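Scroll down for the structure; my scribbles are underneath it.
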Protein chains: 4
Amino acid sequence: MSDSGLGPPSRRLRAGIVGGGRGAFIGTVHRIAAELDGQAQVVAGAMSSDARIARESAADWLLERAYTSYEDMAAAEAADGHGIDFVIIATPNDLHLPVARAFLAKGIHVICDKPLALTVDEGEELVRRVEEGRALFALTHSYTGYPAVRQARDMVRGGQLGEIRKAIVEYTQDWLMEPLENRGNKQAAWRTDPARAGIGGCVGDIGTHALNLLEFVTERQVAALCADLSSFVAGRRLDDDANILLRLQGGAKGTLICSQIACGEENRLSLRLYGSEAGLEWHQEEPNTLWHKHAGRPWARLRTGQSYMGAAAKAATRTPAGHPEGYLEAFANLYRSFMQDVRRVGLGQPPLRDYPGVHDGLRGLRFVAQAVMSSRAGSVWLGL
Amino acid sequence: MSDSGLGPPSRRLRAGIVGGGRGAFIGTVHRIAAELDGQAQVVAGAMSSDARIARESAADWLLERAYTSYEDMAAAEAADGHGIDFVIIATPNDLHLPVARAFLAKGIHVICDKPLALTVDEGEELVRRVEEGRALFALTHSYTGYPAVRQARDMVRGGQLGEIRKAIVEYTQDWLMEPLENRGNKQAAWRTDPARAGIGGCVGDIGTHALNLLEFVTERQVAALCADLSSFVAGRRLDDDANILLRLQGGAKGTLICSQIACGEENRLSLRLYGSEAGLEWHQEEPNTLWHKHAGRPWARLRTGQSYMGAAAKAATRTPAGHPEGYLEAFANLYRSFMQDVRRVGLGQPPLRDYPGVHDGLRGLRFVAQAVMSSRAGSVWLGL
Amino acid sequence: MSDSGLGPPSRRLRAGIVGGGRGAFIGTVHRIAAELDGQAQVVAGAMSSDARIARESAADWLLERAYTSYEDMAAAEAADGHGIDFVIIATPNDLHLPVARAFLAKGIHVICDKPLALTVDEGEELVRRVEEGRALFALTHSYTGYPAVRQARDMVRGGQLGEIRKAIVEYTQDWLMEPLENRGNKQAAWRTDPARAGIGGCVGDIGTHALNLLEFVTERQVAALCADLSSFVAGRRLDDDANILLRLQGGAKGTLICSQIACGEENRLSLRLYGSEAGLEWHQEEPNTLWHKHAGRPWARLRTGQSYMGAAAKAATRTPAGHPEGYLEAFANLYRSFMQDVRRVGLGQPPLRDYPGVHDGLRGLRFVAQAVMSSRAGSVWLGL
Amino acid sequence: MSDSGLGPPSRRLRAGIVGGGRGAFIGTVHRIAAELDGQAQVVAGAMSSDARIARESAADWLLERAYTSYEDMAAAEAADGHGIDFVIIATPNDLHLPVARAFLAKGIHVICDKPLALTVDEGEELVRRVEEGRALFALTHSYTGYPAVRQARDMVRGGQLGEIRKAIVEYTQDWLMEPLENRGNKQAAWRTDPARAGIGGCVGDIGTHALNLLEFVTERQVAALCADLSSFVAGRRLDDDANILLRLQGGAKGTLICSQIACGEENRLSLRLYGSEAGLEWHQEEPNTLWHKHAGRPWARLRTGQSYMGAAAKAATRTPAGHPEGYLEAFANLYRSFMQDVRRVGLGQPPLRDYPGVHDGLRGLRFVAQAVMSSRAGSVWLGL
């Protein structure tokens with residue numbers, strides 16, 4: 001926190017969590033990410049709507065205060081002078097809006113899993129509530145937390161690629177290649193259920209990460225898309241695969257591929273950019289390496305932790321070069337920025353907002369809506 | 001040739017070449033590929049329309065007979081009882097049809113660089129001439145000559161992937177990222193000139209290879225495409241980049257990306273397939289490895305030269321495992337199959353046609369035509 | 001902690017730290033590792049002998065109790081009924097023994113950075129003190145905490161390699177390729193100073209990790225070594241490079257290479273084993289992959305987080321496949337096992353000791369001593 | 001041949017071969033390598049001491065003249081004004097000297113497989129005969145023919161590594177991990193038979209390649225070695241595994257590992273150098289890439305065929321970047337240089353000798369002798 005200019009903090013922040021109970025790996029990810037830098041502790045939670053799971057999850061986490069309802073939690077924590085400083089929302093998508101509403105109404109800062117909400121309408125409501133309130137809102141598009149991704153953005157921003165011409169972004173997995181939703185898998189069940197996931201399946205669950213990564217690194221918006229969505233698994237109600245043509249502001253073109261039926265792929269998120277001066281390439285599964293392909297020169301293999309990396313990458317790195325960092329550390333980088341803002345706001349300073357927020361979330365929801373609509377219309381170009 | 005059932009051949013075949021003179025690397029590639037197995041020797045050529053280059057190229061190659069006109073060459077070689085057994089066409093695209101016409105008319109077998117011709121109409125003429133004549137015709141879609149590619153086809157054919165759901169094929173380069181056609185580069189000049197290259201730039205020069213690779217391995221045709229072609233280099237008359245959505249017969253979907261402005265890429269041709277049982281992945285720049293991704297198991301790294309490879313891969317491999325083979329050996333595998341047919345036909349046996357031919361070439365020309373038309377119409381789906 | 005059979009813990013453990021103040025990256029590594037699973041919090045510390053650094057470091061970490069002397073800390077924490085449950089030793093090597101002595105004498109559990117101490121004599125004293133006392137002792141040979149390393153051990157133990165014939169272990173870096181010790185770098189200064197580091201330089205600092213990794217995975221001891229140590233940087237008093245021949249119990253042979261002058265290497269720790277049935281290969285810089293090379297089959301690429309991994313690897317994995325874990329998570333796995341024992345002992349249960357301890361540390365010290373002696377004697381075989 | 005300054009050659013050279021008949025893959029490798037550039041044709045051979053194999057092999061190759069005895073062949077070819085220009089020796093090691101003697105005595109140039117001969121004494125005789133005669137002699141240490149290896153040598157020579165400190169060279173395979181010599185494998189039988197292979201097994205068969213690669217790239221000789229050789233396969237009379245410490249002239253140290261029982265390895269030859277300014281790394285199984293690790297900078301990934309490569313690499317490259325070359329092309333590069341000298345000598349010009357010769361071969365034999373002696377003496381340092 002030495003760069004905050006605020007003097008040293010005097011205590012760990014107190015965090016609460018809604019959702020993320022036993023069986024939902026993302027809950028633990030949020031806890032670890034929030035606490036990694038020793039600047040916060042999760043002390044309260046409404047971790048499941050199932051009272052037994054909520055109780056057991058709270059015990060696992062050694063929580064000081066366990067709730068069975070997020071409304072109760074919001075009320076109680078706001079009333080207590082020693083209540084939580086911020087709340088983590090790690091529920092299925094359909095609860096993002098109601099939970100956020102409850103805590104924002106109490107002026108409690110919110111950090112929420114993506115996507116922002118179920119629909120564009122919901123997203124717009126959330127934008128409005130955040131803009132009209134005084135509480136902070138962060139969205140955990142966690143892949144932008146990797147040091148190499150931040151280095152990539154700096155290099156694009158610094159003009160090292162020249163004019164960007166081509167972008168290839170991909171996010172493929174295989175975990176839904178079988179109809180797990182019919183076999184008792186809770187994670188699969190809600191993610192393939194339009195009522196809880198929204199109108200996008202794969203395109204919402206991971207396509208939004210790919211979009212966010214692309215727009216984060218290039219600082220250019222996708223201007224239009226032309227999509228072909230599929231549901232390969234029989235009976236599945238939402239897409240599990242998408243091939244999408246892209247046009248970016250500024251003239252670049254590209255593709256966005258996402259799939260949850262790509263047999264053998266774990267979490268293959270990658271980004272390639274090709275400019276008039278250089279190209280970049282990054283793979284999430286080997287996240288500490290960034291390839292810089294300057295025209296006419298050997299590819300340069302940039303590595304996090306090295307002295308030649310830029311300030312943004314260095315600020316997001318905790319270990320020396322060669323001591324690999326991973327997903328949890330990237331996730332924690334979003335928390336670090338968010339919590340810095342929580343402290344700043346507490347001290348009356350303006351927030352820096354160096355993390356994804358409601359507007360990024362709204363773009364994700366629009367992306368899902370337009371991708372679905374483009375595909376239904378037979379792959380037509382739609383603006384975004 | 002032990003598998004030909006024809007008894008041992010008694011002499012090296014005699015080959016001629018049209019085009020491929022000094023400065024055109026592909027000429028040397030054809031010579032090496034034709035001669036690699038000691039079954040042929042290039043003895044005659046009309047290697048350039050420039051008499052000096054033709055003479056010097058012939059001297060470089062120690063040719064026995066040099067011509068300055070392919071018509072003269074066809075006439076002379078056909079008349080001579082010891083003339084060539086087959087001709088190699090390594091000219092710019094606009095000469096493929098006239099040169100092929102001249103030699104086919106004399107009954108001389110033809111092996112021709114891709115694409116087949118300038119237009120679909122030309123391609124159809126060539127199909128007709130080959131079908132009506134008695135001479136053989138091979139098209140050097142050389143990437144299908146790699147042992148690992150043949151292994152991939154065998155695995156698909158054997159059902160190891162289950163139902164194919166998704167295909168991702170890519171062919172990216174950067175050699176045209178600058179306007180070399182205005183800087184005296186002859187290779188760039190004809191490839192970006194519609195009169196000599198046809199209506200496709202990148203999509204014809206390398207996109208056709210990507211299509212052929214995909215259709216070769218899957219033994220499924222692309223049923224429809226939806227394309228977005230671009231010319232990023234100012235003043236360029238043909239496309240230098242393409243992003244294309246695909247639908248394959250049998251229900252698979254996918255993307256085909258090709259580009260000649262992808263800064264930093266050399267010759268990045270790759271194929272990925274995802275089925276209901278397994279996935280496959282192959283990269284031309286590391287061609288001796290094939291990834292087999294069976295659902296629920298570790299990826300298996302298949303390597304050419306190993307005893308577990310199938311018969312097709314083994315037949316296409318010349319060195320033990322770990323002694324890398326490359327582009328020239330793959331190219332030579334097409335020649336090996338073609339020359340085996342030349343010998344068979346000479347002995348009155350039916351040809352085996354285990355190499356790309358006029359029909360593959362015609363598909364490539366239709367692909368170019370439909371990709372260009374789809375893109376001009378604003379990315380609409382067109383059948384193929 | 002669900003596998004402890006002890007019922008749920010009721011509070012986070014309280015940890016203290018000696019050393020690891022500002023400028024020593026390993027301090028933060030210990031804190032993160034200790035706290036990662038939400039089972040402990042570092043609350044007290046004597047983080048530097050420099051009072052200002054000690055004070056500022058304590059403030060950075062939001063410590064409840066800051067000390068300037070480890071003796072004071074041991075006394076105070078032992079006296080307080082709410083004192084620390086265990087102490088972390090993250091000082092230069094020469095303080096390992098005195099600090100450990102102080103806390104062990106008070107019955108406070110110790111987790112200590114490697115190497116165990118300065119000399120074999122010191123190491124033997126520490127073994128004696130631990131064996132005679134009731135406090136636990138763990139040594140942070142952190143690389144054995146990686147899930148893939150534990151998988152490797154299970155595979156060896158299960159006989160999947162057959163008889164082990166050959167072992168190649170390497171740990172190379174470049175951070176000491178210049179005389180940083182003369183340029184104000186504190187980390188370099190003590191590591192190249194015999195008074196504070198012991199008689200081994202590189203061989204002690206990282207060679208011991210390589211040895212420990214090899215012995216951990218194979219569960220075979222190195223029986224003898226034949227070493228050639230060097231100091232390439234002018235004026236350096238300790239070795240900065242070593243090439244060592246090995247013989248293992250059971251008949252395997254091998255090499256251990258370590259270097260801190262290997263220009264371009266970050267933290268290249270790797271292990272390869274070759275048996276009569278299969279080989280294994282692991283690289284710390286890409287730690288989530290383990291190569292299994294069964295004779296006559298394709299290499300299998302095992303990945304952490306996958307369902308086919310064994311129980312030991314799964315127990316050490318926090319994220320789904322494809323969400324990379326790294327150095328901090330591996331380090332935290334040692335803490336997890338150690339803290340489980342702290343809780344068990346607190347409940348009167350016998351400890352499980354599933355982490356490196358004093359005996360591993362003593363082997364490391366003997367390895368350093370024998371390597372130095374072998375090299376001085378002109379590379380002779382010495383037992384270990 | 002345009003760089004020879006000799007004017008264009010007027011015919012293909014005529015080559016003969018001794019050994020290399022059916023079942024010996026290395027025979028075909030020599031033929032392809034000799035003929036790859038269209039500058040030679042193998043026309044005569046004594047391909048086996050078994051008359052049937054000799055006859056069939058000659059027919060496979062379409063040889064003009066087949067012999068059953070190399071003595072007859074030497075006599076006949078020397079007598080004939082149109083006889084061979086050079087002979088290829090591809091026999092087991094024990095015949096290298098007698099065959100070379102026979103052809104050298106007739107003034108016929110020789111290109112011979114490695115190792116040079118059976119013993120150091122034999123090697124010295126061969127050196128004497130070559131020095132006293134007028135015929136050329138080349139030894140096919142083929143791995144030095146790779147463009148990336150030549151680039152590496154140029155970079156070392158140009159001082160880009162600074163002072164070389166550390167060298168790690170390895171050559172591991174697994175093809176002898178079972179006792180194939182007892183199962184009818186002819187290649188295994190002679191390679192494990194001291195009477196035909198010499199006193200070195202693995203150390204002679206592939207260790208000599210590793211040594212040659214190291215000395216070629218560094219242009220420094222290994223000054224001393226300390227070896228530990230093993231025979232892991234029961235009943236094997238020669239070593240099948242070796243771990244060797246090295247000291248190079250100029251002060252560098254290192255290791256040389258070779259093995260033919262390294263389960264899962266195909267032909268893993270690699271070289272790493274670490275200097276005071278930069279490091280280099282090359283792997284034979286991915287031969288078109290060379291890693292350049294300059295201190296403090298990202299690793300640079302040099303690729304053959306690129307414009308930034310040096311003259312030596314370019315002269316050894318036949319295809320554009322991204323069109324992989326392999327083992328056969330590297331082998332052909334030795335032939336190219338050797339045949340250029342054959343032409344030069346034919347024209348009365350002095351040879352350039354830009355390929356390994358008898359002196360390299362003698363070093364290899366001494367290396368084998370010293371490695372065996374060092375190991376027998378319990379791993380003592382011996383000069384080389």
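How things are named: the first chain in the structure tokens is A, the next is B, and so on; residues count from 1 in each chain; ligands count from 1 in the order shown.
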
Per residue of chain C within 8 Å of chain D, which atom pair is closest and at what distance in Å (one decimal), using only C-alpha atoms, listed by chain and increasing number, as a tab-separated table?
```
residue	atom	partner	partner_atom	distance
C:Arg165	CA	D:Phe232	CA	7.2
C:Lys166	CA	D:Ala262	CA	7.3
C:Met177	CA	D:Ser276	CA	7.2
C:Asp228	CA	D:Leu245	CA	7.7
C:Phe232	CA	D:Arg165	CA	7.1
C:Asn243	CA	D:Gly254	CA	6.6
C:Ile244	CA	D:Leu245	CA	7.6
C:Leu245	CA	D:Asn243	CA	6.8
C:Gly254	CA	D:Asn243	CA	6.6
C:Thr255	CA	D:Asn243	CA	6.8
C:Ile261	CA	D:Tyr274	CA	7.8
C:Ala262	CA	D:Tyr274	CA	5.4
C:Cys263	CA	D:Gly279	CA	5.4
C:Gly264	CA	D:Lys293	CA	5.0
C:Tyr274	CA	D:Ala262	CA	5.4
C:Gly275	CA	D:Cys263	CA	6.5
C:Ser276	CA	D:Cys263	CA	7.1
C:Glu277	CA	D:Cys263	CA	7.2
C:Ala278	CA	D:Cys263	CA	5.6
C:Gly279	CA	D:Cys263	CA	5.4
C:Lys293	CA	D:Gly264	CA	5.0
C:His294	CA	D:Gly264	CA	6.4
C:Ala295	CA	D:Gly264	CA	5.8
C:Gly296	CA	D:Gly264	CA	7.4
C:Trp299	CA	D:Gly264	CA	7.2
C:Gly378	CA	D:Trp381	CA	8.0
C:Ser379	CA	D:Val380	CA	7.4
C:Val380	CA	D:Val380	CA	7.3
C:Trp381	CA	D:Ser379	CA	7.8
```

Given only C-alpha atoms as the counted atoms, nearest of B:Glu181, B:Glu170, B:Asp354, B:Glu35 to Leu213 of chain B = B:Glu170

request  = Any chance you could list, as a count of residues only, the residues in segment 167-309 of chain C that come up alpha helix (DSSP H) when DSSP is run on the backbone?
outcome  = 22

task = Could you please determine the separation between atom CA of Pro351 of chain B and atom CA of His109 of chain B in Å, to one decimal place?
result = 12.0 Å

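Neighbours of Asp60 of chain C closer than or equal to 12 Å, with only C-alpha atoms counted and sequence neighbours fewer than 4 positions away skipped, come out as Met1, Ser2, Gly7, Pro8, Pro9, Ser10, Arg11, Arg12, Asp37, Gly38 and Gln39 of chain A; Gly20, Gly21, Arg22, Gly27, Thr28, Arg31, Val42, Val43, Gly45, Met47, Ile53, Ala54, Arg55, Glu56, Glu64 and Ala66 of chain C.
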
message = For the structure I just gave you, how does DSSP split segment 165-316 of chain D - specifically, which residues are strand (DSSP E or B)? Reply as an MDAnalysis selection string.
response = chainID D and resid 165:172 222:230 241:248 253:259 268:275 278:283 289:294 299:303

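Here atom CA of Asp154 of chain C stands at a distance of 19.9 Å from atom CA of Ala332 of chain C.
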
inquiry  = So that I can see what lies close to Arg303 of chain C, please list as a ChimeraX atom specification the residues with an atom at most 7 Å from it, counting only C-alpha atoms and leaving out residues fewer than 3 positions away in the same chain.
reply    = /C:288-290,306,321

request  = Work out how far atom CA of Val372 of chain B is from atom CA of Tyr171 of chain A, in Å to one decimal.
outcome  = 28.2 Å

message = Report as a ChimeraX atom specification all protein, DNA and RNA residues lying within 7 Å of Glu329 of chain D, evaluated on only C-alpha atoms, omitting residues in the same chain fewer than 4 positions from it.
response = /D:33,325,333

Write the residues of the selection above to a file with N, CA and C atoms, as an mmCIF file, in the first residue's frame.
```cif
data_model
loop_
_atom_site.group_PDB
_atom_site.id
_atom_site.type_symbol
_atom_site.label_atom_id
_atom_site.label_comp_id
_atom_site.auth_asym_id
_atom_site.auth_seq_id
_atom_site.Cartn_x
_atom_site.Cartn_y
_atom_site.Cartn_z
ATOM 1 N N ALA D 33 21.283 -37.437 -48.330
ATOM 2 C CA ALA D 33 22.127 -36.270 -48.023
ATOM 3 C C ALA D 33 23.072 -35.957 -49.170
ATOM 4 N N GLU D 325 13.118 -27.467 -41.447
ATOM 5 C CA GLU D 325 14.122 -28.390 -41.964
ATOM 6 C C GLU D 325 14.473 -29.371 -40.862
ATOM 7 N N ASN D 333 24.110 -30.814 -45.409
ATOM 8 C CA ASN D 333 25.021 -29.664 -45.362
ATOM 9 C C ASN D 333 26.475 -30.094 -45.241
#
```

Mind dumping a table of every segment 185-287 of chain A residue within 10 Å of segment 71-94 of chain A, with the nearest atom pair and its distance in Å to one decimal, using only C-alpha atoms, sorted by chain and rising number, as JSON lines?
```
{"residue": "A:Gln187", "atom": "CA", "partner": "A:Pro92", "partner_atom": "CA", "distance": 8.8}
{"residue": "A:Trp190", "atom": "CA", "partner": "A:Pro92", "partner_atom": "CA", "distance": 7.0}
{"residue": "A:Arg191", "atom": "CA", "partner": "A:Pro92", "partner_atom": "CA", "distance": 7.9}
{"residue": "A:Pro194", "atom": "CA", "partner": "A:Asp94", "partner_atom": "CA", "distance": 9.4}
{"residue": "A:Ala195", "atom": "CA", "partner": "A:Asp94", "partner_atom": "CA", "distance": 7.2}
{"residue": "A:Arg196", "atom": "CA", "partner": "A:Asp94", "partner_atom": "CA", "distance": 4.8}
{"residue": "A:Ala197", "atom": "CA", "partner": "A:Asn93", "partner_atom": "CA", "distance": 5.4}
{"residue": "A:Gly198", "atom": "CA", "partner": "A:Asn93", "partner_atom": "CA", "distance": 7.5}
{"residue": "A:Asp205", "atom": "CA", "partner": "A:Asn93", "partner_atom": "CA", "distance": 9.6}
```
